[in-house]
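The structure under discussion appears below in the form of C-alpha cells.
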Amino acid sequence: MVNHPIPSEVARANRKPKATHAAIGGTLISPFTLVLGALITVAMYFMAQRFMYGLGAVTNINNGYPWGIWVVWDVVIATGFACGGYAMALITYILNKGEYHHLVRPALTASLFGYSLGGLSVLIDLGRYWNFWHILSPGYAQPGSVMFEVAACISCYILVLWIEFSPAFLEHLGLKNVKAKLNKMMFVFIGLGVLLPTMHQSSLGSLLVVFGYQIHPLWQTPLLPLLFLLTAVCMGFAIVILEATLAAIGFKRDIADELPLLSKIGKIIMGILIAYLAIRLGDLVLRGHLGKIFSSGIKSLMFLIEMAAFIYPVVVLSTPANRKRLSKLLGAAMSMLTGAVLYRIDAFLVAYDTGPGWHYFPSVPEMMVTIGVIAIEVLAYIVFVRKFPVLPGHSTSTAAE
Amino acid sequence: MTITRRHFLRKAVSGTAAAAACATLTPAPAEARENKTIPDQAVGLLYDATLCIGCKACMSGCKEVNNLPLEDTIGEKLWDTPLELSGYTYTVIKIYQHGTMEHKDKAENGFAHIKRSCLHCGDPSCVSACPVSAMTKDEKTGIVGYNKDACIGCRYCVAACPFGVPQFQYDTPTPQIAKCQLCRHIQAEGKIPACADRCPTGATIFGPHQALSAEIDRRKAMKPGEPNLYPRRTVNSGDTHEKAAAEYVDQVYGAKEVGGTQVRYLSGVPFDKLGLPVGLPERSYAADSETLQHTLYGGLILPGVALAGLVAAAWRGSKDHHDDDEDIFDPKGGHTHG
C-alpha cells in the first residue's frame with residue numbers, strides 16, 4: 001500500500017524547517033544499563049532491611065539529626081535537579097520565548113522522573129509511611145505547617161507533570177479526542193506547572209525557618225524561600241545544559257543546533273546568580289552576620305566553598321565568547337549545580353546544630369539506597385528517550401542504529 | 001520591532017505574571033502572627049534543681065505509668081540507665097559536675113541536677129511543624145500531646161523542637177514519636193503526672209500554671225540560707241518539708257524562652273551549664289514560620305493572583321505559536337525519524 005502524503009501535512013512540514021522530537025531507538029541492554037540494574041538491586045536489598053527492621057538498621061540518622069540524605073538528597077536536592085521542566089516552561093510559555101520550545105520536552109521528561117521518584121522515595125523515609133495519605137486528607141492536614149505546603153504542592157505538581165506529558169501516552173492509547181481536548185486546556189496546566197514549583201521550591205527553604213537558632217546565621221534568614229527558589233530555577237537551567245550535553249555524548253547526537261540556545265540559557269543563569277549573590281550577601285550585611293563568614297570554623301569553610309561554586313559560573317559566563325563554547329557552558333553549569341547542592345546540604349545538615357554530642361554522616365547502605373533511586377531515574381530516562389519522542393529530532397545517523 | 005497592540009498585551013500579561021510571581025515571594029509586611037499564649041487553665045511542672053537529690057524516682061515512675069521499656073546503656077541489664085531522652089525515655093535526670101564537686105548547686109567545684117522532659121511550650125514548634133495534626137496543644141490544659149495514629153513519621157517535630165525533646169524510634173519498623181504528655185492519660189483519672197507524684201523532695205511539683213508562677217515568685221523572694229517550707233507533689237498539697245533556701249540564678253528557665261513554657265526550672269547553676277539552650281528569643285519560632293507562611297499563602301490570595309497571571313501568559317503563548325503547540329506534546333510530531 002502506498003501512502004500518499006496528505007497535502008496539509010506536506011504544507012505544514014514545509015512551512016518552516018524546525019526541530020521536532022523523535023524517539024532515538026536503539027538497544028536497552030548495554031554495560032551502562034546493566035550497572036544501573038545492579039545498583040538498583042543493591043538498593044532494593046537495603047530498602048527491604050529498612051522496612052523489616054526500621055530506619056536505624058540502614059541509616060545513620062538519629063534524634064540529633066533526624067533528617068539525613070534520604071530527605072536532603074532524595075527530596076530537597078533531587079527535586080531541585082528536576083526543575084528543568086519548570087525552568088524551561090517558565091521561559092518558553094510564560095516569557096513566551098518560542099525558540100526554546102524543543103528543549104522543553106526532554107527537560108519535562110527529566111522533571112517527571114525526578115519528581116515522581118522524589119515523591120515515592122519519601123515513603124522510604126517516612127517512619128509511619130502507611131499513614132502518608134493523612135497529609136492530603138482534610139481531617140488531618142495542618143495548613144500552618146511548611147511541610148504540609150511542600151507535600152501538597154509536590155503531590156499536585158507530580159500530577160500536573162503527568163498531565164503535561166500525557167499527550168504522548170494518549171496518542172499511543174488511541175485517545176485522540178481526549179488528547180485534542182487536553183491540548184486546548186494545556187495552558188492551564190502550564191500555568192500550574194510554573195506556580196507549583198515556585199511555591200514548593202521556595203517552601204523547601206521555609207522548612208528551616210522554624211528551626212530557629214539551630215540553623216547557623218550564615219544560612220538562617222527569612223529570605224530562605226527566595227534564596228531556595230532562585231537556586232532551584234538556576235538548577236533547572238543548569239540541568240538543561242547538562243542533559244543536552246550528556247544526551248549528545250551518550251546517544252552520539254550532534255549538539256551544534258542547540259548550542260545557541262544553551263548559550264542564552266547560560267546568560268540567564270549568570271543573571272539569576274548575580275541576583276542571588278547580591279541578595280544572599282546583602283542579607284548577611286543587613287543582619288550583621290557578615291563577620292561569621294570567616295569566624296565559624298568548618299561552617300565558614302563550607303560557606304566559602306559554596307560561594308566559590310556560585311561565583312565561578314558568573315565569571316565564566318560573563319564573557320560572550322565563553323558562552324558560545326560547550327565546555328565552558330558545561331563547566332559553569334556543573335559549578336552552579338555543585339553550589340546549589342552544597343547550599344542545600346549546608347543549610348539542612350552542616351548549618352544544623354541541635355546541641356553537643358550529635359553527629360551525622362550517611363552510612364554506606366543509606367548512600368546505596370540514594371544511589372539506587374538515582375539509578376532508577378537514569379534508567380527510566382534512557383528507556384523513555386529511546387522509546388518515546390522526547391529529544392529534539394535532528395539526530396545523526398548513528399542514533400538510528 | 002514595532003509595538004503592536006498584540007505585542008503590548010502580551011508583554012503586559014507576562015509582566016503581570018512576573019510581578020505576581022515576585023509578589024508571592026517577597027515577604028510583605030502583612031500582619032505578623034503573634035506568639036500564642038499559655039491558656040488560663042494551663043497546667044505544668046516546676047522543677048527546682050536545688051531540691052533535686054538525683055534519686056531518679058521520677059524516671060522510674062514515668063516508665064511505669066507510660067508503659068515504657070527499660071534502657072540499658074552500660075551492658076549490665078540491671079538498671080534503667082538512659083543517658084538522654086530517647087524513643088523510650090520521656091524524662092531523664094542529668095548531672096552537672098565541676099572540679100571537686102564539693103558544693104551542691106554551685107558552678108565552681110560543685111554539682112547540680114537537671115530534669116529533662118518536654119517543656120510544653122506556649123507556642124510549640126512541634127505543633128506548628130507537624131503536617132498532619134499529630135502534635136496538638138490542648139486548648140484548655142495547654143498540654144502538648146501526640147497521636148501516633150495520625151503521625152506519618154516525618155520527624156519534622158524532632159528536628160524543629162528548640163529543646164530537642166521529641167524523640168523518634170529508629171529501631172523498629174513501626175516507630176512512634178516519644179515525648180512527655182504530662183501523663184494526661186492518668187490526669188483523666190484525677191491523678192497527677194508520675195514524676196511529680198513520685199518525687200520525694202518536691203523538686204518536681206505539678207499544678208496550675210498560675211499557681212506555679214506564684215510559687216516561683218515565693219521561692220525567688222526567699223533569703224538564701226533561711227529555712228523555708230517546700231511542698232511535695234502539688235503546690236497546695238499541704239505535704240511540706242523544711243529546708244534552707246538555696247541561692248538561685250536570676251533566670252527562671254521557661255519563663256520567657258520562645259514565648260514561655262508550662263514546665264519551668266529554678267536552679268543555682270546557670271542553665272547553659274546544665275545543657276539547656278540559652279539566649280532563646282521571646283518570640284516563638286512557630287510565630288516566625290507561620291507569619292512567613294501566612295504572608296505568602298494566606299487565603300491562597302497571592303498564589304491565586306500568580307496563577308491567573310501565569311495561565312493568562314501561557315494562554316497568550318499558546319496563541320502565539322499555535323502551529324508549534326499542536327505537536328508540542330505529540331509523539332508523532334517528530335517527522336525526522338522516517
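Lettering and numbering for the C-alpha cells are positional, with chains as A, B, ... in the shown order, residues counted from 1 in each chain, and ligands counted from 1 in the shown order.
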
If you take only C-alpha atoms and a cut-off of 6 Å, which residues of chain B touch chain A, and what are their nearest atom pairs and distances in Å to one decimal, in chain and number order, as CSV?
```
residue,atom,partner,partner_atom,distance
B:Ser128,CA,A:Ser145,CA,5.5
B:Ala129,CA,A:Ser145,CA,4.8
B:Cys130,CA,A:Ser145,CA,5.9
B:Pro131,CA,A:Phe148,CA,4.6
B:Val132,CA,A:Ala141,CA,4.6
B:Ser133,CA,A:Tyr140,CA,5.6
B:Ile152,CA,A:Arg128,CA,4.5
B:Gly153,CA,A:Gly127,CA,4.0
B:Cys154,CA,A:Leu126,CA,5.1
B:Ala160,CA,A:Phe211,CA,4.7
B:Gln167,CA,A:Asn63,CA,5.9
B:Tyr170,CA,A:Gly56,CA,4.5
B:Asp171,CA,A:Gly54,CA,5.1
B:Thr172,CA,A:Gly54,CA,4.4
B:Pro173,CA,A:Gly54,CA,4.1
B:Tyr285,CA,A:Val210,CA,5.0
B:Ala286,CA,A:Val210,CA,5.8
B:Ser289,CA,A:Val210,CA,5.2
B:Glu290,CA,A:Gly144,CA,6.0
B:Leu310,CA,A:Gly191,CA,4.8
B:Val311,CA,A:Gly191,CA,4.3
B:Ala313,CA,A:Ile94,CA,5.2
B:Ala314,CA,A:Phe187,CA,5.1
B:Trp315,CA,A:Phe187,CA,5.2
B:Gly317,CA,A:Tyr93,CA,5.3
B:Phe329,CA,A:Pro167,CA,5.5
B:Asp330,CA,A:Ala168,CA,5.5
B:Pro331,CA,A:Ala168,CA,5.1
B:Gly334,CA,A:His21,CA,4.4
```

Selection to disk with N, CA and C atoms, as an mmCIF file, in the first residue's frame:
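This went into selection.cif:
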```
data_model
loop_
_atom_site.group_PDB
_atom_site.id
_atom_site.type_symbol
_atom_site.label_atom_id
_atom_site.label_comp_id
_atom_site.auth_asym_id
_atom_site.auth_seq_id
_atom_site.Cartn_x
_atom_site.Cartn_y
_atom_site.Cartn_z
ATOM 1 N N SER B 128 3.428 23.454 65.311
ATOM 2 C CA SER B 128 3.428 24.247 64.075
ATOM 3 C C SER B 128 4.020 23.453 62.920
ATOM 4 N N ALA B 129 5.045 22.643 63.231
ATOM 5 C CA ALA B 129 5.730 21.907 62.172
ATOM 6 C C ALA B 129 4.902 20.726 61.671
ATOM 7 N N CYS B 130 4.191 20.067 62.568
ATOM 8 C CA CYS B 130 3.520 18.805 62.209
ATOM 9 C C CYS B 130 2.526 18.996 61.068
ATOM 10 N N PRO B 131 2.704 18.269 59.951
ATOM 11 C CA PRO B 131 1.822 18.457 58.804
ATOM 12 C C PRO B 131 0.468 17.760 58.942
ATOM 13 N N VAL B 132 0.339 16.855 59.918
ATOM 14 C CA VAL B 132 -0.878 16.037 59.979
ATOM 15 C C VAL B 132 -1.603 16.120 61.324
ATOM 16 N N SER B 133 -1.362 17.192 62.088
ATOM 17 C CA SER B 133 -2.029 17.403 63.372
ATOM 18 C C SER B 133 -1.833 16.238 64.342
ATOM 19 N N ILE B 152 2.823 10.526 60.570
ATOM 20 C CA ILE B 152 3.395 9.874 59.392
ATOM 21 C C ILE B 152 4.883 9.580 59.576
ATOM 22 N N GLY B 153 5.439 9.983 60.701
ATOM 23 C CA GLY B 153 6.849 9.671 60.983
ATOM 24 C C GLY B 153 7.841 10.500 60.191
ATOM 25 N N CYS B 154 7.498 11.774 59.891
ATOM 26 C CA CYS B 154 8.398 12.597 59.067
ATOM 27 C C CYS B 154 9.530 13.205 59.889
ATOM 28 N N ALA B 160 12.587 20.224 64.615
ATOM 29 C CA ALA B 160 12.191 21.608 64.862
ATOM 30 C C ALA B 160 12.308 22.011 66.330
ATOM 31 N N GLN B 167 11.396 12.523 70.412
ATOM 32 C CA GLN B 167 12.381 11.502 70.040
ATOM 33 C C GLN B 167 11.708 10.450 69.177
ATOM 34 N N TYR B 170 14.182 4.567 66.114
ATOM 35 C CA TYR B 170 14.849 4.164 64.869
ATOM 36 C C TYR B 170 15.027 2.654 64.758
ATOM 37 N N ASP B 171 14.641 1.929 65.818
ATOM 38 C CA ASP B 171 14.966 0.503 65.852
ATOM 39 C C ASP B 171 13.751 -0.392 65.658
ATOM 40 N N THR B 172 12.710 0.139 65.065
ATOM 41 C CA THR B 172 11.515 -0.669 64.858
ATOM 42 C C THR B 172 10.859 -0.298 63.531
ATOM 43 N N PRO B 173 10.233 -1.258 62.865
ATOM 44 C CA PRO B 173 9.520 -0.929 61.621
ATOM 45 C C PRO B 173 8.212 -0.183 61.868
ATOM 46 N N TYR B 285 9.507 30.539 67.490
ATOM 47 C CA TYR B 285 9.879 30.200 66.111
ATOM 48 C C TYR B 285 8.650 29.802 65.307
ATOM 49 N N ALA B 286 7.649 29.256 66.000
ATOM 50 C CA ALA B 286 6.394 28.912 65.323
ATOM 51 C C ALA B 286 5.756 30.176 64.744
ATOM 52 N N SER B 289 7.712 31.244 61.616
ATOM 53 C CA SER B 289 7.449 30.374 60.481
ATOM 54 C C SER B 289 6.050 30.598 59.922
ATOM 55 N N GLU B 290 5.066 30.688 60.834
ATOM 56 C CA GLU B 290 3.688 30.819 60.356
ATOM 57 C C GLU B 290 3.407 32.209 59.797
ATOM 58 N N LEU B 310 -0.092 33.621 35.372
ATOM 59 C CA LEU B 310 0.658 32.578 34.673
ATOM 60 C C LEU B 310 -0.195 31.908 33.603
ATOM 61 N N VAL B 311 -1.444 31.607 33.964
ATOM 62 C CA VAL B 311 -2.325 30.943 33.000
ATOM 63 C C VAL B 311 -2.588 31.869 31.815
ATOM 64 N N ALA B 313 -0.621 34.218 30.719
ATOM 65 C CA ALA B 313 0.596 34.280 29.910
ATOM 66 C C ALA B 313 0.762 33.018 29.079
ATOM 67 N N ALA B 314 0.484 31.874 29.694
ATOM 68 C CA ALA B 314 0.604 30.604 28.970
ATOM 69 C C ALA B 314 -0.395 30.553 27.824
ATOM 70 N N TRP B 315 -1.590 31.130 28.062
ATOM 71 C CA TRP B 315 -2.624 31.150 27.025
ATOM 72 C C TRP B 315 -2.185 32.025 25.852
ATOM 73 N N GLY B 317 0.832 32.662 25.093
ATOM 74 C CA GLY B 317 1.920 31.924 24.473
ATOM 75 C C GLY B 317 1.400 30.863 23.522
ATOM 76 N N PHE B 329 3.390 18.231 22.477
ATOM 77 C CA PHE B 329 3.373 17.017 23.283
ATOM 78 C C PHE B 329 2.976 15.812 22.423
ATOM 79 N N ASP B 330 3.147 15.979 21.140
ATOM 80 C CA ASP B 330 2.659 14.963 20.220
ATOM 81 C C ASP B 330 3.810 14.037 19.822
ATOM 82 N N PRO B 331 3.699 12.758 20.165
ATOM 83 C CA PRO B 331 4.799 11.845 19.833
ATOM 84 C C PRO B 331 4.981 11.701 18.324
ATOM 85 N N GLY B 334 7.415 14.257 15.707
ATOM 86 C CA GLY B 334 8.741 14.110 15.129
ATOM 87 C C GLY B 334 8.651 13.534 13.727
#
```

From range 113-298 of chain B, collect each residue whose DSSP state is helix (DSSP H, G or I) and return the set as a JSON list (two decimals) with N, CA and C atoms, in the first residue's frame.
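Saved file states-v2.json follows:
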```
[["chain", "number", "residue", "atom", "x", "y", "z"],
["B", 125, "SER", "N", 6.93, 24.68, 68.60],
["B", 125, "SER", "CA", 7.42, 24.49, 67.24],
["B", 125, "SER", "C", 6.92, 23.17, 66.66],
["B", 126, "CYS", "N", 6.85, 22.13, 67.52],
["B", 126, "CYS", "CA", 6.47, 20.80, 67.00],
["B", 126, "CYS", "C", 5.05, 20.81, 66.47],
["B", 127, "VAL", "N", 4.15, 21.54, 67.16],
["B", 127, "VAL", "CA", 2.76, 21.60, 66.72],
["B", 127, "VAL", "C", 2.65, 22.37, 65.40],
["B", 128, "SER", "N", 3.43, 23.45, 65.31],
["B", 128, "SER", "CA", 3.43, 24.25, 64.08],
["B", 128, "SER", "C", 4.02, 23.45, 62.92],
["B", 129, "ALA", "N", 5.05, 22.64, 63.23],
["B", 129, "ALA", "CA", 5.73, 21.91, 62.17],
["B", 129, "ALA", "C", 4.90, 20.73, 61.67],
["B", 156, "TYR", "N", 9.74, 15.96, 61.44],
["B", 156, "TYR", "CA", 9.91, 17.41, 61.40],
["B", 156, "TYR", "C", 9.86, 17.97, 62.83],
["B", 157, "CYS", "N", 9.03, 17.37, 63.69],
["B", 157, "CYS", "CA", 8.94, 17.82, 65.09],
["B", 157, "CYS", "C", 10.27, 17.60, 65.81],
["B", 158, "VAL", "N", 10.89, 16.43, 65.54],
["B", 158, "VAL", "CA", 12.17, 16.11, 66.18],
["B", 158, "VAL", "C", 13.20, 17.17, 65.81],
["B", 159, "ALA", "N", 13.22, 17.52, 64.52],
["B", 159, "ALA", "CA", 14.20, 18.48, 64.03],
["B", 159, "ALA", "C", 13.87, 19.90, 64.50],
["B", 160, "ALA", "N", 12.59, 20.22, 64.62],
["B", 160, "ALA", "CA", 12.19, 21.61, 64.86],
["B", 160, "ALA", "C", 12.31, 22.01, 66.33],
["B", 184, "ARG", "N", -1.25, 12.76, 80.66],
["B", 184, "ARG", "CA", -2.64, 13.19, 80.50],
["B", 184, "ARG", "C", -3.59, 12.00, 80.61],
["B", 185, "HIS", "N", -3.09, 10.79, 80.31],
["B", 185, "HIS", "CA", -3.99, 9.64, 80.40],
["B", 185, "HIS", "C", -4.37, 9.32, 81.84],
["B", 186, "ILE", "N", -3.49, 9.61, 82.81],
["B", 186, "ILE", "CA", -3.90, 9.36, 84.20],
["B", 186, "ILE", "C", -4.45, 10.62, 84.87],
["B", 187, "GLN", "N", -4.15, 11.78, 84.27],
["B", 187, "GLN", "CA", -4.79, 13.00, 84.77],
["B", 187, "GLN", "C", -6.30, 12.88, 84.63],
["B", 194, "ALA", "N", 3.32, 11.31, 86.94],
["B", 194, "ALA", "CA", 4.06, 10.38, 87.78],
["B", 194, "ALA", "C", 5.33, 10.99, 88.36],
["B", 195, "CYS", "N", 6.03, 11.83, 87.57],
["B", 195, "CYS", "CA", 7.29, 12.38, 88.06],
["B", 195, "CYS", "C", 7.08, 13.25, 89.29],
["B", 196, "ALA", "N", 6.00, 14.07, 89.28],
["B", 196, "ALA", "CA", 5.71, 14.92, 90.43],
["B", 196, "ALA", "C", 5.20, 14.07, 91.58],
["B", 197, "ASP", "N", 4.43, 13.05, 91.24],
["B", 197, "ASP", "CA", 3.85, 12.19, 92.27],
["B", 197, "ASP", "C", 4.92, 11.44, 93.04],
["B", 198, "ARG", "N", 5.97, 11.00, 92.35],
["B", 198, "ARG", "CA", 6.99, 10.15, 92.99],
["B", 198, "ARG", "C", 8.11, 10.96, 93.65],
["B", 209, "HIS", "N", -0.67, 26.52, 86.02],
["B", 209, "HIS", "CA", 0.43, 27.38, 85.61],
["B", 209, "HIS", "C", 0.55, 28.62, 86.50],
["B", 210, "GLN", "N", -0.61, 29.22, 86.80],
["B", 210, "GLN", "CA", -0.58, 30.47, 87.58],
["B", 210, "GLN", "C", -0.12, 30.23, 89.01],
["B", 211, "ALA", "N", -0.54, 29.10, 89.60],
["B", 211, "ALA", "CA", -0.12, 28.77, 90.96],
["B", 211, "ALA", "C", 1.39, 28.53, 90.99],
["B", 212, "LEU", "N", 1.90, 27.88, 89.93],
["B", 212, "LEU", "CA", 3.34, 27.63, 89.86],
["B", 212, "LEU", "C", 4.10, 28.95, 89.71],
["B", 213, "SER", "N", 3.51, 29.91, 88.98],
["B", 213, "SER", "CA", 4.14, 31.23, 88.84],
["B", 213, "SER", "C", 4.28, 31.89, 90.20],
["B", 214, "ALA", "N", 3.21, 31.78, 91.02],
["B", 214, "ALA", "CA", 3.24, 32.37, 92.37],
["B", 214, "ALA", "C", 4.30, 31.67, 93.22],
["B", 215, "GLU", "N", 4.39, 30.35, 93.09],
["B", 215, "GLU", "CA", 5.38, 29.59, 93.86],
["B", 215, "GLU", "C", 6.81, 29.98, 93.46],
["B", 216, "ILE", "N", 7.00, 30.21, 92.15],
["B", 216, "ILE", "CA", 8.32, 30.65, 91.68],
["B", 216, "ILE", "C", 8.67, 32.00, 92.32],
["B", 217, "ASP", "N", 7.69, 32.92, 92.33],
["B", 217, "ASP", "CA", 7.93, 34.23, 92.93],
["B", 217, "ASP", "C", 8.28, 34.10, 94.41],
["B", 218, "ARG", "N", 7.55, 33.20, 95.10],
["B", 218, "ARG", "CA", 7.79, 33.00, 96.53],
["B", 218, "ARG", "C", 9.23, 32.51, 96.78],
["B", 219, "ARG", "N", 9.65, 31.55, 95.97],
["B", 219, "ARG", "CA", 11.00, 31.00, 96.17],
["B", 219, "ARG", "C", 12.09, 32.01, 95.82],
["B", 220, "LYS", "N", 11.82, 32.80, 94.79],
["B", 220, "LYS", "CA", 12.83, 33.78, 94.39],
["B", 220, "LYS", "C", 12.99, 34.87, 95.46],
["B", 221, "ALA", "N", 11.91, 35.06, 96.25],
["B", 221, "ALA", "CA", 11.95, 36.11, 97.28],
["B", 221, "ALA", "C", 12.60, 35.63, 98.57],
["B", 257, "GLU", "N", 11.45, 31.94, 77.45],
["B", 257, "GLU", "CA", 12.00, 31.25, 76.28],
["B", 257, "GLU", "C", 10.90, 30.95, 75.26],
["B", 258, "VAL", "N", 11.16, 31.27, 74.01],
["B", 258, "VAL", "CA", 10.23, 31.12, 72.88],
["B", 258, "VAL", "C", 8.77, 31.39, 73.29],
["B", 259, "GLY", "N", 8.60, 32.46, 74.08],
["B", 259, "GLY", "CA", 7.25, 32.87, 74.42],
["B", 259, "GLY", "C", 6.74, 32.26, 75.73],
["B", 271, "PHE", "N", 21.95, 27.99, 83.50],
["B", 271, "PHE", "CA", 21.30, 26.93, 82.72],
["B", 271, "PHE", "C", 22.14, 26.43, 81.55],
["B", 272, "ASP", "N", 23.04, 27.28, 81.03],
["B", 272, "ASP", "CA", 23.86, 26.78, 79.92],
["B", 272, "ASP", "C", 24.76, 25.64, 80.40],
["B", 273, "LYS", "N", 25.15, 25.70, 81.71],
["B", 273, "LYS", "CA", 25.98, 24.62, 82.26],
["B", 273, "LYS", "C", 25.17, 23.34, 82.45],
["B", 274, "LEU", "N", 23.86, 23.49, 82.50],
["B", 274, "LEU", "CA", 23.00, 22.31, 82.67],
["B", 274, "LEU", "C", 22.59, 21.74, 81.31],
["B", 285, "TYR", "N", 9.51, 30.54, 67.49],
["B", 285, "TYR", "CA", 9.88, 30.20, 66.11],
["B", 285, "TYR", "C", 8.65, 29.80, 65.31],
["B", 286, "ALA", "N", 7.65, 29.26, 66.00],
["B", 286, "ALA", "CA", 6.39, 28.91, 65.32],
["B", 286, "ALA", "C", 5.76, 30.18, 64.74],
["B", 287, "ALA", "N", 5.83, 31.28, 65.52],
["B", 287, "ALA", "CA", 5.25, 32.54, 65.04],
["B", 287, "ALA", "C", 6.02, 33.05, 63.82],
["B", 288, "ASP", "N", 7.36, 32.93, 63.86],
["B", 288, "ASP", "CA", 8.17, 33.34, 62.70],
["B", 288, "ASP", "C", 7.77, 32.56, 61.46],
["B", 289, "SER", "N", 7.71, 31.24, 61.62],
["B", 289, "SER", "CA", 7.45, 30.37, 60.48],
["B", 289, "SER", "C", 6.05, 30.60, 59.92],
["B", 290, "GLU", "N", 5.07, 30.69, 60.83],
["B", 290, "GLU", "CA", 3.69, 30.82, 60.36],
["B", 290, "GLU", "C", 3.41, 32.21, 59.80],
["B", 291, "THR", "N", 4.11, 33.23, 60.31],
["B", 291, "THR", "CA", 3.96, 34.57, 59.72],
["B", 291, "THR", "C", 4.40, 34.53, 58.26],
["B", 292, "LEU", "N", 5.54, 33.87, 58.02],
["B", 292, "LEU", "CA", 6.05, 33.74, 56.66],
["B", 292, "LEU", "C", 5.04, 32.99, 55.78],
["B", 293, "GLN", "N", 4.54, 31.88, 56.30],
["B", 293, "GLN", "CA", 3.59, 31.07, 55.51],
["B", 293, "GLN", "C", 2.30, 31.84, 55.25],
["B", 294, "HIS", "N", 1.78, 32.54, 56.28],
["B", 294, "HIS", "CA", 0.54, 33.28, 56.10],
["B", 294, "HIS", "C", 0.72, 34.43, 55.12],
["B", 295, "THR", "N", 1.92, 35.06, 55.17],
["B", 295, "THR", "CA", 2.18, 36.17, 54.25],
["B", 295, "THR", "C", 2.15, 35.67, 52.81],
["B", 296, "LEU", "N", 2.76, 34.51, 52.58],
["B", 296, "LEU", "CA", 2.84, 34.00, 51.21],
["B", 296, "LEU", "C", 1.55, 33.34, 50.76],
["B", 297, "TYR", "N", 0.91, 32.61, 51.69],
["B", 297, "TYR", "CA", -0.19, 31.75, 51.25],
["B", 297, "TYR", "C", -1.52, 32.05, 51.91],
["B", 298, "GLY", "N", -1.59, 33.12, 52.74],
["B", 298, "GLY", "CA", -2.83, 33.43, 53.45],
["B", 298, "GLY", "C", -4.01, 33.53, 52.49]]
```

Spatial neighbours of Ile40 in chain A, 10 Å, only C-alpha atoms, chain gap at least 6 places, as a ChimeraX atom specification: /A:34,368-376,379

Which residue of B:Val235, B:Ile95, B:Val269, B:Met59 approaches Asp250 in chain B most closely, using only C-alpha atoms: B:Val269

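DSSP on the backbone gives strand (DSSP E) for these parts of range 57-179 of chain B: Val92, Ile93, Lys94, Ile95, Tyr96, Gln97, His103, Lys104, Gly110, Phe111, Ala112, His113, Ile114, Lys115, Arg116, Met135, Thr136, Lys137, Val144, Gly145, Tyr146, Gln167, Phe168, Ile177 and Ala178 of chain B.
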
Atomic distance CA of Gly297 in chain A - CA of Gly275 in chain B, expressed in Å with one decimal: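 Atom-to-atom, CA of Gly297 in chain A to CA of Gly275 in chain B, that is 22.0 Å.
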
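Counting only C-alpha atoms, range 116-118 of chain A has the following residues at most 8 Å away, ignoring those fewer than 4 positions along the same chain: Asp74, Val75, Ala78, Thr79, Leu112, Val122, Ile158, Val373 and Glu377 of chain A.
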
Could you please take those selected residues and save N, CA and C atoms as an mmCIF file, in the first residue's frame?
```cif
data_model
loop_
_atom_site.group_PDB
_atom_site.id
_atom_site.type_symbol
_atom_site.label_atom_id
_atom_site.label_comp_id
_atom_site.auth_asym_id
_atom_site.auth_seq_id
_atom_site.Cartn_x
_atom_site.Cartn_y
_atom_site.Cartn_z
ATOM 1 N N ASP A 74 17.391 12.997 48.443
ATOM 2 C CA ASP A 74 16.316 12.378 47.651
ATOM 3 C C ASP A 74 15.152 13.319 47.379
ATOM 4 N N VAL A 75 14.913 14.261 48.284
ATOM 5 C CA VAL A 75 13.780 15.165 48.074
ATOM 6 C C VAL A 75 14.258 16.585 47.778
ATOM 7 N N ALA A 78 17.048 16.421 44.886
ATOM 8 C CA ALA A 78 16.562 15.747 43.677
ATOM 9 C C ALA A 78 15.469 16.556 42.979
ATOM 10 N N THR A 79 14.570 17.177 43.761
ATOM 11 C CA THR A 79 13.540 17.974 43.098
ATOM 12 C C THR A 79 14.147 19.254 42.522
ATOM 13 N N LEU A 112 9.707 14.854 35.231
ATOM 14 C CA LEU A 112 8.696 13.839 35.509
ATOM 15 C C LEU A 112 9.281 12.736 36.376
ATOM 16 N N VAL A 122 10.064 9.496 49.331
ATOM 17 C CA VAL A 122 9.633 9.998 50.632
ATOM 18 C C VAL A 122 9.082 8.846 51.472
ATOM 19 N N ILE A 158 3.402 16.668 40.725
ATOM 20 C CA ILE A 158 3.637 15.376 40.071
ATOM 21 C C ILE A 158 2.449 15.060 39.153
ATOM 22 N N VAL A 373 18.102 4.995 43.868
ATOM 23 C CA VAL A 373 16.989 5.825 43.388
ATOM 24 C C VAL A 373 17.439 6.637 42.166
ATOM 25 N N GLU A 377 16.095 6.544 38.162
ATOM 26 C CA GLU A 377 15.769 7.727 37.357
ATOM 27 C C GLU A 377 16.510 7.708 36.021
#
```
